[in-house]
file structure_28.tsv (TSV, C-alpha atoms and all ligand atoms)
chain	number	residue	atom	x	y	z
A	342	MET	CA	-25.27	53.29	-60.00
A	343	ARG	CA	-27.63	56.02	-58.82
A	344	ARG	CA	-27.24	59.33	-60.60
A	345	VAL	CA	-28.43	62.85	-60.22
A	346	GLY	CA	-29.80	64.88	-63.09
A	347	VAL	CA	-29.82	68.53	-64.04
A	348	GLY	CA	-33.23	69.13	-62.39
A	349	LEU	CA	-31.79	68.68	-58.93
A	350	LEU	CA	-29.22	71.33	-59.59
A	351	VAL	CA	-31.96	73.79	-60.40
A	352	ALA	CA	-33.53	72.97	-57.03
A	353	ALA	CA	-30.17	73.55	-55.35
A	354	MET	CA	-29.86	76.86	-57.13
A	355	LEU	CA	-33.24	78.04	-55.90
A	356	LEU	CA	-32.28	77.07	-52.38
A	357	ALA	CA	-29.11	79.08	-52.67
A	358	ALA	CA	-30.92	82.05	-54.14
A	359	VAL	CA	-32.90	82.23	-50.90
A	360	GLY	CA	-29.81	82.03	-48.69
A	361	VAL	CA	-27.34	84.08	-50.72
A	362	VAL	CA	-25.62	86.82	-48.76
A	363	SER	CA	-23.58	89.10	-50.98
A	364	ALA	CA	-19.91	89.19	-50.06
A	365	ALA	CA	-17.38	91.93	-50.67
A	366	GLU	CA	-14.94	89.52	-52.34
A	367	PRO	CA	-16.07	87.77	-55.53
A	368	ILE	CA	-16.16	83.98	-55.55
A	369	ARG	CA	-13.32	82.74	-57.76
A	370	ILE	CA	-13.83	79.56	-59.74
A	371	GLY	CA	-11.54	77.82	-62.24
A	372	VAL	CA	-12.67	75.28	-64.85
A	373	LEU	CA	-9.77	73.32	-66.33
A	374	GLY	CA	-10.24	71.19	-69.45
A	375	LYS	CA	-7.96	68.97	-71.51
A	376	SER	CA	-7.21	70.45	-74.93
A	377	VAL	CA	-7.96	73.24	-77.39
A	378	HIS	CA	-10.83	71.69	-79.34
A	379	PRO	CA	-14.40	72.61	-80.35
A	380	TYR	CA	-15.55	70.07	-77.73
A	381	TRP	CA	-14.05	72.28	-75.03
A	382	ASP	CA	-15.48	75.43	-76.64
A	383	VAL	CA	-18.90	74.00	-75.77
A	384	VAL	CA	-17.79	73.39	-72.17
A	385	ARG	CA	-16.51	76.97	-72.09
A	386	ASN	CA	-19.89	78.25	-73.35
A	387	GLY	CA	-21.70	76.39	-70.57
A	388	THR	CA	-19.16	77.67	-68.03
A	389	MET	CA	-19.60	81.29	-69.09
A	390	ALA	CA	-23.41	81.01	-69.28
A	391	ALA	CA	-23.45	79.92	-65.63
A	392	ALA	CA	-20.93	82.62	-64.67
A	393	ALA	CA	-23.42	85.19	-65.99
A	394	LEU	CA	-26.07	83.94	-63.52
A	395	PHE	CA	-24.30	85.35	-60.49
A	396	PRO	CA	-23.24	88.94	-59.89
A	397	ASP	CA	-20.35	88.11	-57.58
A	398	VAL	CA	-18.41	85.39	-59.35
A	399	GLU	CA	-15.16	85.49	-61.32
A	400	VAL	CA	-14.72	82.47	-63.55
A	401	THR	CA	-11.52	81.43	-65.33
A	402	PHE	CA	-11.62	78.75	-68.04
A	403	PHE	CA	-8.42	77.13	-69.33
A	404	VAL	CA	-7.40	74.31	-71.69
A	405	PRO	CA	-3.85	73.29	-72.74
A	406	GLN	CA	-3.09	73.15	-76.49
A	407	THR	CA	-3.21	69.31	-76.66
A	408	GLU	CA	-3.15	66.66	-73.94
A	409	ASP	CA	-0.61	68.14	-71.47
A	410	ILE	CA	-0.47	66.75	-67.94
A	411	GLY	CA	2.35	69.07	-66.79
A	412	ARG	CA	0.45	72.14	-67.94
A	413	GLN	CA	-2.67	71.03	-66.07
A	414	ILE	CA	-0.61	70.65	-62.87
A	415	ASP	CA	0.96	74.12	-63.35
A	416	VAL	CA	-2.45	75.75	-63.83
A	417	MET	CA	-3.83	74.03	-60.72
A	418	GLU	CA	-0.78	75.23	-58.73
A	419	SER	CA	-1.33	78.78	-59.90
A	420	TRP	CA	-5.04	78.68	-59.00
A	421	ILE	CA	-4.16	77.35	-55.53
A	422	ALA	CA	-1.61	80.16	-55.10
A	423	GLN	CA	-4.24	82.72	-56.14
A	424	GLY	CA	-6.63	81.38	-53.51
A	425	PHE	CA	-9.47	80.25	-55.80
A	426	ASP	CA	-12.66	79.14	-54.00
A	427	GLY	CA	-13.48	76.27	-56.33
A	428	ILE	CA	-11.84	74.25	-59.11
A	429	SER	CA	-13.44	71.86	-61.60
A	430	VAL	CA	-10.77	69.80	-63.36
A	431	ALA	CA	-10.74	67.17	-66.13
A	432	PRO	CA	-7.53	65.31	-65.26
A	433	SER	CA	-5.62	63.95	-68.26
A	434	ASP	CA	-3.85	61.64	-65.83
A	435	PRO	CA	-5.60	61.09	-62.49
A	436	ALA	CA	-2.51	59.58	-60.81
A	437	ALA	CA	-0.27	62.48	-61.88
A	438	LEU	CA	-2.83	65.09	-60.78
A	439	ALA	CA	-3.71	63.41	-57.47
A	440	PRO	CA	-1.09	65.29	-55.38
A	441	VAL	CA	-2.13	68.72	-56.69
A	442	ILE	CA	-5.83	67.90	-56.21
A	443	ARG	CA	-5.04	66.95	-52.61
A	444	ARG	CA	-3.04	70.16	-52.08
A	445	ALA	CA	-5.99	72.22	-53.36
A	446	LEU	CA	-8.39	70.44	-51.00
A	447	GLU	CA	-6.00	70.95	-48.08
A	448	ALA	CA	-5.92	74.65	-48.94
A	449	GLY	CA	-9.71	74.70	-48.46
A	450	ILE	CA	-10.56	74.85	-52.17
A	451	HIS	CA	-13.61	72.88	-53.29
A	452	VAL	CA	-12.42	70.52	-56.03
A	453	ILE	CA	-14.67	68.54	-58.36
A	454	THR	CA	-13.91	66.67	-61.58
A	455	ASN	CA	-15.63	67.18	-64.94
A	456	ASP	CA	-15.54	65.09	-68.15
A	457	THR	CA	-13.08	62.57	-66.68
A	458	ASP	CA	-12.70	61.48	-63.08
A	459	ALA	CA	-9.94	61.08	-60.50
A	460	PRO	CA	-11.45	58.78	-57.87
A	461	GLY	CA	-9.58	58.29	-54.62
A	462	THR	CA	-8.16	61.81	-54.59
A	463	GLY	CA	-10.76	63.25	-52.23
A	464	ARG	CA	-12.40	65.30	-55.02
A	465	LEU	CA	-15.94	66.06	-53.92
A	466	LEU	CA	-17.83	64.67	-56.89
A	467	TYR	CA	-17.58	63.72	-60.57
A	468	LEU	CA	-19.74	65.60	-63.07
A	469	GLY	CA	-19.93	64.19	-66.60
A	470	THR	CA	-20.63	61.15	-68.74
A	471	GLY	CA	-20.85	57.60	-67.39
A	472	ASN	CA	-17.95	56.62	-69.61
A	473	TYR	CA	-17.99	52.85	-69.25
A	474	ASN	CA	-21.65	52.64	-70.29
A	475	ALA	CA	-21.11	55.14	-73.09
A	476	GLY	CA	-18.21	53.07	-74.46
A	477	PHE	CA	-20.38	49.96	-74.16
A	478	ALA	CA	-23.12	51.68	-76.20
A	479	ALA	CA	-20.51	52.53	-78.85
A	480	GLY	CA	-19.45	48.86	-78.96
A	481	LYS	CA	-23.05	47.71	-79.37
A	482	ALA	CA	-23.53	50.18	-82.23
A	483	MET	CA	-20.33	48.95	-83.89
A	484	ALA	CA	-21.40	45.30	-83.55
A	485	GLU	CA	-24.75	46.06	-85.12
A	486	LEU	CA	-23.30	48.09	-87.98
A	487	LEU	CA	-20.73	45.37	-88.77
A	488	GLY	CA	-23.23	42.52	-88.49
A	489	GLY	CA	-21.07	40.93	-85.77
A	490	SER	CA	-17.74	40.31	-87.57
A	491	GLY	CA	-14.63	42.08	-88.88
A	492	GLU	CA	-11.52	43.84	-87.60
A	493	VAL	CA	-11.70	47.19	-85.82
A	494	ALA	CA	-9.08	49.68	-84.64
A	495	ILE	CA	-9.38	51.87	-81.56
A	496	LEU	CA	-8.12	55.46	-81.79
A	497	THR	CA	-8.00	57.59	-78.64
A	498	GLY	CA	-6.49	60.83	-77.36
A	499	SER	CA	-5.18	59.53	-74.04
A	500	LEU	CA	-3.88	56.31	-72.53
A	501	THR	CA	-4.06	57.72	-68.99
A	502	ALA	CA	-7.31	59.71	-68.66
A	503	LEU	CA	-10.00	57.61	-67.01
A	504	ASN	CA	-12.74	58.57	-69.50
A	505	SER	CA	-10.65	57.11	-72.33
A	506	LEU	CA	-9.80	53.92	-70.42
A	507	GLU	CA	-13.40	53.39	-69.30
A	508	ARG	CA	-14.80	53.95	-72.80
A	509	ILE	CA	-12.30	51.49	-74.25
A	510	GLN	CA	-13.16	48.90	-71.58
A	511	GLY	CA	-16.89	49.33	-72.24
A	512	PHE	CA	-16.32	49.02	-75.98
A	513	ARG	CA	-14.25	45.85	-75.58
A	514	ASP	CA	-16.84	44.29	-73.25
A	515	ALA	CA	-19.68	45.01	-75.69
A	516	LEU	CA	-17.81	43.14	-78.44
A	517	ARG	CA	-17.11	40.07	-76.31
A	518	GLY	CA	-18.74	37.01	-77.80
A	519	THR	CA	-19.10	38.58	-81.26
A	520	GLY	CA	-16.88	37.74	-84.23
A	521	ILE	CA	-15.34	41.23	-84.14
A	522	ARG	CA	-11.59	41.36	-83.48
A	523	ILE	CA	-9.85	44.44	-82.10
A	524	VAL	CA	-6.54	45.27	-83.80
A	525	GLU	CA	-3.92	46.00	-81.10
A	526	PRO	CA	-2.41	48.21	-79.90
A	527	VAL	CA	-4.83	51.05	-79.23
A	528	LEU	CA	-3.64	54.10	-81.21
A	529	ASN	CA	-2.97	57.37	-79.34
A	530	ASP	CA	-3.31	60.76	-81.08
A	531	ASN	CA	-2.75	62.78	-77.86
A	532	GLU	CA	-5.85	64.87	-78.69
A	533	ASP	CA	-4.23	66.18	-81.86
A	534	THR	CA	-6.64	66.01	-84.82
A	535	PHE	CA	-3.86	65.97	-87.45
A	536	ARG	CA	-2.15	63.09	-85.73
A	537	ALA	CA	-5.53	61.32	-85.43
A	538	THR	CA	-6.05	61.68	-89.20
A	539	ASP	CA	-2.55	60.32	-89.93
A	540	LEU	CA	-2.98	57.36	-87.60
A	541	ALA	CA	-6.43	56.47	-88.98
A	542	THR	CA	-5.23	56.82	-92.58
A	543	THR	CA	-2.25	54.53	-91.94
A	544	ALA	CA	-4.49	51.98	-90.19
A	545	ILE	CA	-6.87	51.92	-93.18
A	546	LEU	CA	-4.11	51.68	-95.79
A	547	ASN	CA	-1.98	49.11	-93.93
A	548	ASN	CA	-4.83	46.80	-93.09
A	549	PRO	CA	-7.09	45.94	-96.02
A	550	GLY	CA	-9.17	43.76	-93.67
A	551	LEU	CA	-10.04	46.72	-91.42
A	552	ARG	CA	-13.81	47.19	-91.26
A	553	GLY	CA	-14.22	49.65	-88.42
A	554	ILE	CA	-12.67	52.41	-86.30
A	555	PHE	CA	-13.77	53.46	-82.80
A	556	GLY	CA	-12.98	57.14	-82.17
A	557	VAL	CA	-12.77	57.37	-78.38
A	558	TYR	CA	-12.47	61.17	-78.25
A	559	ALA	CA	-13.90	63.97	-80.35
A	560	ALA	CA	-10.53	64.64	-81.99
A	561	SER	CA	-10.03	60.92	-82.74
A	562	THR	CA	-13.48	60.68	-84.36
A	563	THR	CA	-12.79	63.72	-86.54
A	564	GLY	CA	-9.48	62.16	-87.62
A	565	ALA	CA	-11.15	58.83	-88.44
A	566	ALA	CA	-13.89	60.52	-90.50
A	567	GLU	CA	-11.32	62.57	-92.39
A	568	ALA	CA	-9.24	59.44	-93.11
A	569	VAL	CA	-12.29	57.59	-94.44
A	570	ARG	CA	-13.21	60.59	-96.59
A	571	SER	CA	-9.74	61.05	-98.09
A	572	THR	CA	-9.17	57.32	-98.73
A	573	ARG	CA	-12.74	56.96	-100.06
A	574	THR	CA	-13.31	53.90	-97.89
A	575	GLN	CA	-16.72	54.80	-96.43
A	576	ASP	CA	-18.21	51.64	-97.98
A	577	ARG	CA	-15.60	49.45	-96.29
A	578	VAL	CA	-14.86	51.15	-92.94
A	579	VAL	CA	-17.56	51.90	-90.36
A	580	VAL	CA	-16.70	54.70	-87.92
A	581	VAL	CA	-18.34	54.90	-84.50
A	582	GLY	CA	-17.12	57.53	-82.05
A	583	PHE	CA	-17.62	60.40	-79.65
A	584	ASP	CA	-19.00	63.27	-80.01
A	585	THR	CA	-21.78	65.29	-81.71
A	586	LEU	CA	-20.01	68.51	-82.64
A	587	ASP	CA	-21.25	70.27	-85.78
A	588	SER	CA	-18.49	68.68	-87.89
A	589	HIS	CA	-19.36	65.22	-86.55
A	590	LEU	CA	-23.05	65.63	-87.40
A	591	GLU	CA	-22.12	66.82	-90.88
A	592	ALA	CA	-19.77	63.82	-91.36
A	593	LEU	CA	-22.56	61.55	-90.09
A	594	GLU	CA	-25.00	62.97	-92.62
A	595	ASN	CA	-22.39	62.58	-95.39
A	596	GLY	CA	-21.62	58.94	-94.54
A	597	TYR	CA	-18.07	59.37	-93.16
A	598	LEU	CA	-19.30	58.54	-89.66
A	599	ASP	CA	-21.95	55.92	-88.88
A	600	ALA	CA	-22.87	56.35	-85.21
A	601	VAL	CA	-21.80	58.99	-82.71
A	602	VAL	CA	-22.17	59.18	-78.95
A	603	GLY	CA	-23.24	62.69	-77.98
A	604	GLN	CA	-22.18	64.00	-74.58
A	605	LYS	CA	-23.80	66.96	-72.85
A	606	GLN	CA	-20.55	68.78	-72.18
A	607	TYR	CA	-22.29	72.16	-72.09
A	608	PHE	CA	-23.68	71.09	-68.71
A	609	MET	CA	-20.26	69.91	-67.50
A	610	GLY	CA	-19.18	73.54	-67.64
A	611	TYR	CA	-22.51	75.02	-66.54
A	612	ASN	CA	-23.05	72.74	-63.56
A	613	SER	CA	-19.39	73.04	-62.49
A	614	VAL	CA	-19.88	76.75	-61.90
A	615	VAL	CA	-23.33	76.37	-60.29
A	616	LEU	CA	-22.18	73.67	-57.87
A	617	LEU	CA	-18.89	75.36	-56.92
A	618	TYR	CA	-20.60	78.72	-56.48
A	619	LEU	CA	-23.25	77.18	-54.22
A	620	MET	CA	-20.57	75.38	-52.20
A	621	ALA	CA	-18.75	78.68	-51.64
A	622	LYS	CA	-21.93	80.58	-50.74
A	623	THR	CA	-23.99	78.06	-48.80
A	624	GLY	CA	-21.39	75.58	-47.54
A	625	ARG	CA	-19.92	72.53	-49.19
A	626	ASP	CA	-21.80	70.02	-47.04
A	627	ASN	CA	-25.17	71.68	-47.70
A	628	VAL	CA	-24.68	71.22	-51.43
A	629	LEU	CA	-23.31	67.69	-51.14
A	630	SER	CA	-26.20	66.65	-48.90
A	631	LEU	CA	-28.64	67.49	-51.71
A	632	LEU	CA	-27.02	65.03	-54.11
A	633	PRO	CA	-27.79	61.32	-54.04
A	634	ARG	CA	-24.90	58.96	-53.37
A	635	THR	CA	-23.88	55.82	-55.22
A	636	GLU	CA	-23.72	52.48	-53.38
A	637	ASP	CA	-20.10	53.18	-52.42
A	638	GLY	CA	-20.94	56.62	-51.03
A	639	ASP	CA	-19.62	58.58	-53.99
A	640	ILE	CA	-21.38	61.38	-55.90
A	641	PHE	CA	-21.77	61.11	-59.69
A	642	VAL	CA	-23.68	63.89	-61.45
A	643	ASP	CA	-24.52	62.21	-64.76
A	644	THR	CA	-24.88	64.59	-67.70
A	645	GLY	CA	-26.16	61.77	-69.97
A	646	VAL	CA	-25.44	60.67	-73.54
A	647	ASP	CA	-27.31	60.06	-76.81
A	648	VAL	CA	-26.38	57.58	-79.54
A	649	VAL	CA	-26.99	59.27	-82.89
A	650	THR	CA	-27.17	57.61	-86.31
A	651	ARG	CA	-28.48	58.89	-89.65
A	652	ASP	CA	-31.88	57.46	-88.63
A	653	ASN	CA	-32.36	59.71	-85.57
A	654	LEU	CA	-30.27	62.71	-86.65
A	655	HIS	CA	-33.31	64.97	-87.12
A	656	ALA	CA	-34.78	64.07	-83.76
A	657	TYR	CA	-31.41	64.65	-82.09
A	658	VAL	CA	-31.06	68.14	-83.52
A	659	GLN	CA	-34.60	68.95	-82.37
A	660	GLU	CA	-33.63	67.76	-78.89
A	661	LEU	CA	-30.59	70.07	-78.88
A	662	ASP	CA	-32.95	72.96	-79.70
A	663	ARG	CA	-35.32	71.91	-76.95
A	664	LEU	CA	-32.46	71.92	-74.42
A	665	GLY	CA	-31.20	75.27	-75.70
A	666	ILE	CA	-27.81	73.79	-76.65
A	667	PRO	CA	-26.36	75.93	-79.45
A	668	HIS	CA	-25.37	74.18	-82.72
A	669	ALA	CA	-24.62	75.38	-86.24
A	670	PHE	CA	-25.40	72.07	-88.00
A	671	VAL	CA	-28.77	71.90	-89.75
A	672	PRO	CA	-29.75	68.61	-91.43
A	673	SER	CA	-29.97	69.14	-95.19
A	674	ARG	CA	-32.49	66.38	-95.86
B	701	LIG	C1	-13.59	63.79	-74.37
B	701	LIG	C2	-12.62	64.82	-73.86
B	701	LIG	C3	-11.60	65.18	-74.94
B	701	LIG	C4	-12.36	65.65	-76.17
B	701	LIG	C5	-11.48	66.17	-77.31
B	701	LIG	C6	-14.16	64.15	-75.72
B	701	LIG	O1	-14.84	63.05	-76.23
B	701	LIG	O2	-14.65	63.61	-73.46
B	701	LIG	O3	-11.97	64.31	-72.72
B	701	LIG	O4	-10.72	66.19	-74.48
B	701	LIG	O5	-13.15	64.56	-76.63
B	701	LIG	O6	-10.83	65.19	-78.02

call {"tool": "encode", "arguments": {"input": "structure_28.tsv", "output": "structure tokens"}}
result
Amino acid sequence: MRRVGVGLLVAAMLLAAVGVVSAAEPIRIGVLGKSVHPYWDVVRNGTMAAAALFPDVEVTFFVPQTEDIGRQIDVMESWIAQGFDGISVAPSDPAALAPVIRRALEAGIHVITNDTDAPGTGRLLYLGTGNYNAGFAAGKAMAELLGGSGEVAILTGSLTALNSLERIQGFRDALRGTGIRIVEPVLNDNEDTFRATDLATTAILNNPGLRGIFGVYAASTTGAAEAVRSTRTQDRVVVVGFDTLDSHLEALENGYLDAVVGQKQYFMGYNSVVLLYLMAKTGRDNVLSLLPRTEDGDIFVDTGVDVVTRDNLHAYVQELDRLGIPHAFVPSR
């Protein structure tokens, strides 16, 4: 699949800077995430950094407390009623949100997806991680860490969001042909870290043969690391998961996590605002025409991932600094 990187967005921004005509009314943009979590704080930071670039934009950022499909629909309805110019949404359930996404588009609002996609809804593009490949990379890391055999559990925060389903599929496919067996069913913490910790702890205690846990979401990974720490099973249970928040990097350094897949969610927020602002100012089709299309004519703005282990932790933190992505974690060794 062909992708477009951050550099192209900068080019688009320059183009817009030339053509920008200041309007009396501010451009109103909404960025809607999935849950209250440090992962989404980073998206919010990127969103607000981009909002500060433009004098005539009003940006609203919202996340429900935990996974909450009904709340996401209500917020979308309210943004449609308020006549927002652009919405970037991370649908917790693409089928359930499809009608409201369509209503927003019919109302002339530019709608894009971030973090997790809703294909087939008419949304203009998807901006985020290539989740199947990222899940596949997690599976490869797990296989390597386990030496190709053992039982692993999968812990996620959603059984409907596409990013979760694609990561799980990628993970399963990467383990095909190895001696690793996935313990069914997939466990669902609904993006609640306490529930994730309980589920991971129970999985470890009830299954003495368990050798690994895949944390599909940031909250799931935190729960798995906490379970391994409190049951003192870090020598038996390998944890591979998303993401690279400060607490994840600390748990990685301390041996409670073994490999983490870092997303660049700062840019999911940042580029949402830049793209939606440019669509409002310079015309939707002008912006879309700058972005390369996939074979099936779709647009995927890939924010990229990194697989981080204790071996490349230092280099990863240096890379965060180079990209100007804020982090509090500093490697101690
Ligand atoms: C996912 C988000 C999720 C977050 C918090 C991330 O890995 O991309 O969709 O909301 O974790 O659990």

call {"tool": "closest_atom_pairs", "arguments": {"input": "structure_28.tsv", "of": "chain A", "to": "ligand LIG 701 (chain B)", "cutoff": "10 Å", "atoms": "only C-alpha atoms and all ligand atoms", "output": "Markdown table"}}
result
| residue | atom | partner | partner_atom | distance |
| --- | --- | --- | --- | --- |
| A:Gly374 | CA | B:LIG701 | O4 | 7.1 |
| A:Lys375 | CA | B:LIG701 | O4 | 4.9 |
| A:Ser376 | CA | B:LIG701 | O4 | 5.5 |
| A:Val377 | CA | B:LIG701 | C5 | 7.9 |
| A:His378 | CA | B:LIG701 | C5 | 5.9 |
| A:Pro379 | CA | B:LIG701 | C5 | 7.7 |
| A:Tyr380 | CA | B:LIG701 | C5 | 5.7 |
| A:Trp381 | CA | B:LIG701 | C4 | 6.9 |
| A:Val404 | CA | B:LIG701 | O4 | 9.2 |
| A:Thr407 | CA | B:LIG701 | O4 | 8.4 |
| A:Glu408 | CA | B:LIG701 | O4 | 7.6 |
| A:Ala431 | CA | B:LIG701 | O3 | 7.3 |
| A:Pro432 | CA | B:LIG701 | O3 | 8.7 |
| A:Ser433 | CA | B:LIG701 | O3 | 7.8 |
| A:Asn455 | CA | B:LIG701 | O3 | 9.1 |
| A:Asp456 | CA | B:LIG701 | O2 | 5.6 |
| A:Thr457 | CA | B:LIG701 | O3 | 6.4 |
| A:Gly469 | CA | B:LIG701 | O2 | 8.7 |
| A:Thr470 | CA | B:LIG701 | O2 | 8.0 |
| A:Asn472 | CA | B:LIG701 | O2 | 8.6 |
| A:Thr497 | CA | B:LIG701 | O6 | 8.1 |
| A:Gly498 | CA | B:LIG701 | O6 | 6.2 |
| A:Ser499 | CA | B:LIG701 | O3 | 8.4 |
| A:Ala502 | CA | B:LIG701 | O3 | 7.7 |
| A:Leu503 | CA | B:LIG701 | O3 | 9.0 |
| A:Asn504 | CA | B:LIG701 | O3 | 6.6 |
| A:Ser505 | CA | B:LIG701 | O3 | 7.3 |
| A:Arg508 | CA | B:LIG701 | O2 | 9.7 |
| A:Asp530 | CA | B:LIG701 | O6 | 9.2 |
| A:Asn531 | CA | B:LIG701 | O6 | 8.4 |
| A:Glu532 | CA | B:LIG701 | O6 | 5.0 |
| A:Asp533 | CA | B:LIG701 | O6 | 7.7 |
| A:Thr534 | CA | B:LIG701 | O6 | 8.0 |
| A:Ala537 | CA | B:LIG701 | O6 | 9.9 |
| A:Gly556 | CA | B:LIG701 | O1 | 8.6 |
| A:Val557 | CA | B:LIG701 | O1 | 6.4 |
| A:Tyr558 | CA | B:LIG701 | O1 | 3.6 |
| A:Ala559 | CA | B:LIG701 | O5 | 3.8 |
| A:Ala560 | CA | B:LIG701 | O6 | 4.0 |
| A:Ser561 | CA | B:LIG701 | O6 | 6.4 |
| A:Thr562 | CA | B:LIG701 | O6 | 8.2 |
| A:Thr563 | CA | B:LIG701 | O6 | 8.9 |
| A:Gly582 | CA | B:LIG701 | O1 | 8.3 |
| A:Phe583 | CA | B:LIG701 | O1 | 5.1 |
| A:Asp584 | CA | B:LIG701 | O1 | 5.6 |
| A:Thr585 | CA | B:LIG701 | O1 | 9.1 |
| A:Leu586 | CA | B:LIG701 | O1 | 9.9 |
| A:Val602 | CA | B:LIG701 | O1 | 8.7 |
| A:Gly603 | CA | B:LIG701 | O1 | 8.6 |
| A:Gln604 | CA | B:LIG701 | O1 | 7.6 |
| A:Lys605 | CA | B:LIG701 | O2 | 9.8 |
| A:Gln606 | CA | B:LIG701 | O2 | 7.9 |

call {"tool": "residues_around", "arguments": {"input": "structure_28.tsv", "residues": "region 656-661 of chain A", "least_positions_apart": "3", "cutoff": "9 Å", "atoms": "only C-alpha atoms", "output": "list in words"}}
result
Asp647, Val649, Asp652, Asn653, Leu664, Gly665, Ile666, Pro667, His668, Phe670, Val671 and Pro672 of chain A

call {"tool": "atom_distance", "arguments": {"input": "structure_28.tsv", "atom1": "CA of Ile410 (chain A)", "atom2": "CA of Leu438 (chain A)"}}
result
7.7 Å

call {"tool": "closest_residue", "arguments": {"input": "structure_28.tsv", "among": "A:Leu487, A:Ser613, A:Phe425, A:Gly645", "to": "Arg577 (chain A)", "atoms": "all atoms listed in the file"}}
result
A:Leu487

call {"tool": "atom_distance", "arguments": {"input": "structure_28.tsv", "atom1": "CA of Ile521 (chain A)", "atom2": "CA of Arg552 (chain A)"}}
result
9.4 Å

call {"tool": "residues_around", "arguments": {"input": "structure_28.tsv", "residues": "Ser571 (chain A)", "least_positions_apart": "3", "cutoff": "12 Å", "atoms": "only C-alpha atoms", "output": "PyMOL selection string"}}
result
chain A and resi 538-539+541-543+545-546+564-568+574-575+597

call {"tool": "closest_residue", "arguments": {"input": "structure_28.tsv", "among": "A:Val452, A:Leu617, A:Leu528, A:Leu632", "to": "Val493 (chain A)", "atoms": "all atoms listed in the file"}}
result
A:Leu528

call {"tool": "atom_distance", "arguments": {"input": "structure_28.tsv", "atom1": "CA of Ala391 (chain A)", "atom2": "CA of Ala422 (chain A)"}}
result
24.2 Å

call {"tool": "closest_residue", "arguments": {"input": "structure_28.tsv", "among": "A:Val580, A:Arg674, A:Phe641, A:Ala365", "to": "Asp458 (chain A)", "atoms": "only C-alpha atoms"}}
result
A:Phe641

call {"tool": "build_atoms", "arguments": {"input": "structure_28.tsv", "residues": "region 581-592 of chain A", "atoms": "N, CA, C and O atoms", "output": "short mmCIF file (atom, residue, chain, number, x, y, z; two decimals), keeping the file's coordinate frame"}}
result
data_model
loop_
_atom_site.label_atom_id
_atom_site.label_comp_id
_atom_site.auth_asym_id
_atom_site.auth_seq_id
_atom_site.Cartn_x
_atom_site.Cartn_y
_atom_site.Cartn_z
N VAL A 581 -17.48 54.60 -85.64
CA VAL A 581 -18.34 54.90 -84.50
C VAL A 581 -17.47 55.69 -83.52
O VAL A 581 -16.30 55.33 -83.31
N GLY A 582 -17.99 56.78 -82.97
CA GLY A 582 -17.12 57.53 -82.05
C GLY A 582 -17.87 58.59 -81.27
O GLY A 582 -19.07 58.77 -81.43
N PHE A 583 -17.13 59.26 -80.40
CA PHE A 583 -17.62 60.40 -79.65
C PHE A 583 -17.21 61.62 -80.47
O PHE A 583 -16.09 61.63 -81.02
N ASP A 584 -17.90 62.68 -80.72
CA ASP A 584 -19.00 63.27 -80.01
C ASP A 584 -20.02 63.76 -81.06
O ASP A 584 -19.98 63.30 -82.20
N THR A 585 -20.79 64.76 -80.76
CA THR A 585 -21.78 65.29 -81.71
C THR A 585 -21.55 66.77 -81.97
O THR A 585 -22.48 67.58 -81.94
N LEU A 586 -20.30 67.13 -82.25
CA LEU A 586 -20.01 68.51 -82.64
C LEU A 586 -20.56 68.72 -84.05
O LEU A 586 -20.86 67.75 -84.76
N ASP A 587 -20.68 69.98 -84.45
CA ASP A 587 -21.25 70.27 -85.78
C ASP A 587 -20.57 69.45 -86.88
O ASP A 587 -21.23 68.88 -87.74
N SER A 588 -19.23 69.40 -86.84
CA SER A 588 -18.49 68.68 -87.89
C SER A 588 -18.78 67.19 -87.85
O SER A 588 -18.80 66.51 -88.88
N HIS A 589 -19.02 66.65 -86.65
CA HIS A 589 -19.36 65.22 -86.55
C HIS A 589 -20.73 64.96 -87.17
O HIS A 589 -20.92 63.97 -87.88
N LEU A 590 -21.69 65.84 -86.88
CA LEU A 590 -23.05 65.63 -87.40
C LEU A 590 -23.05 65.75 -88.93
O LEU A 590 -23.73 65.00 -89.63
N GLU A 591 -22.22 66.67 -89.42
CA GLU A 591 -22.12 66.82 -90.88
C GLU A 591 -21.50 65.56 -91.50
O GLU A 591 -21.98 65.04 -92.51
N ALA A 592 -20.42 65.04 -90.86
CA ALA A 592 -19.77 63.82 -91.36
C ALA A 592 -20.73 62.64 -91.27
O ALA A 592 -20.73 61.75 -92.14
#
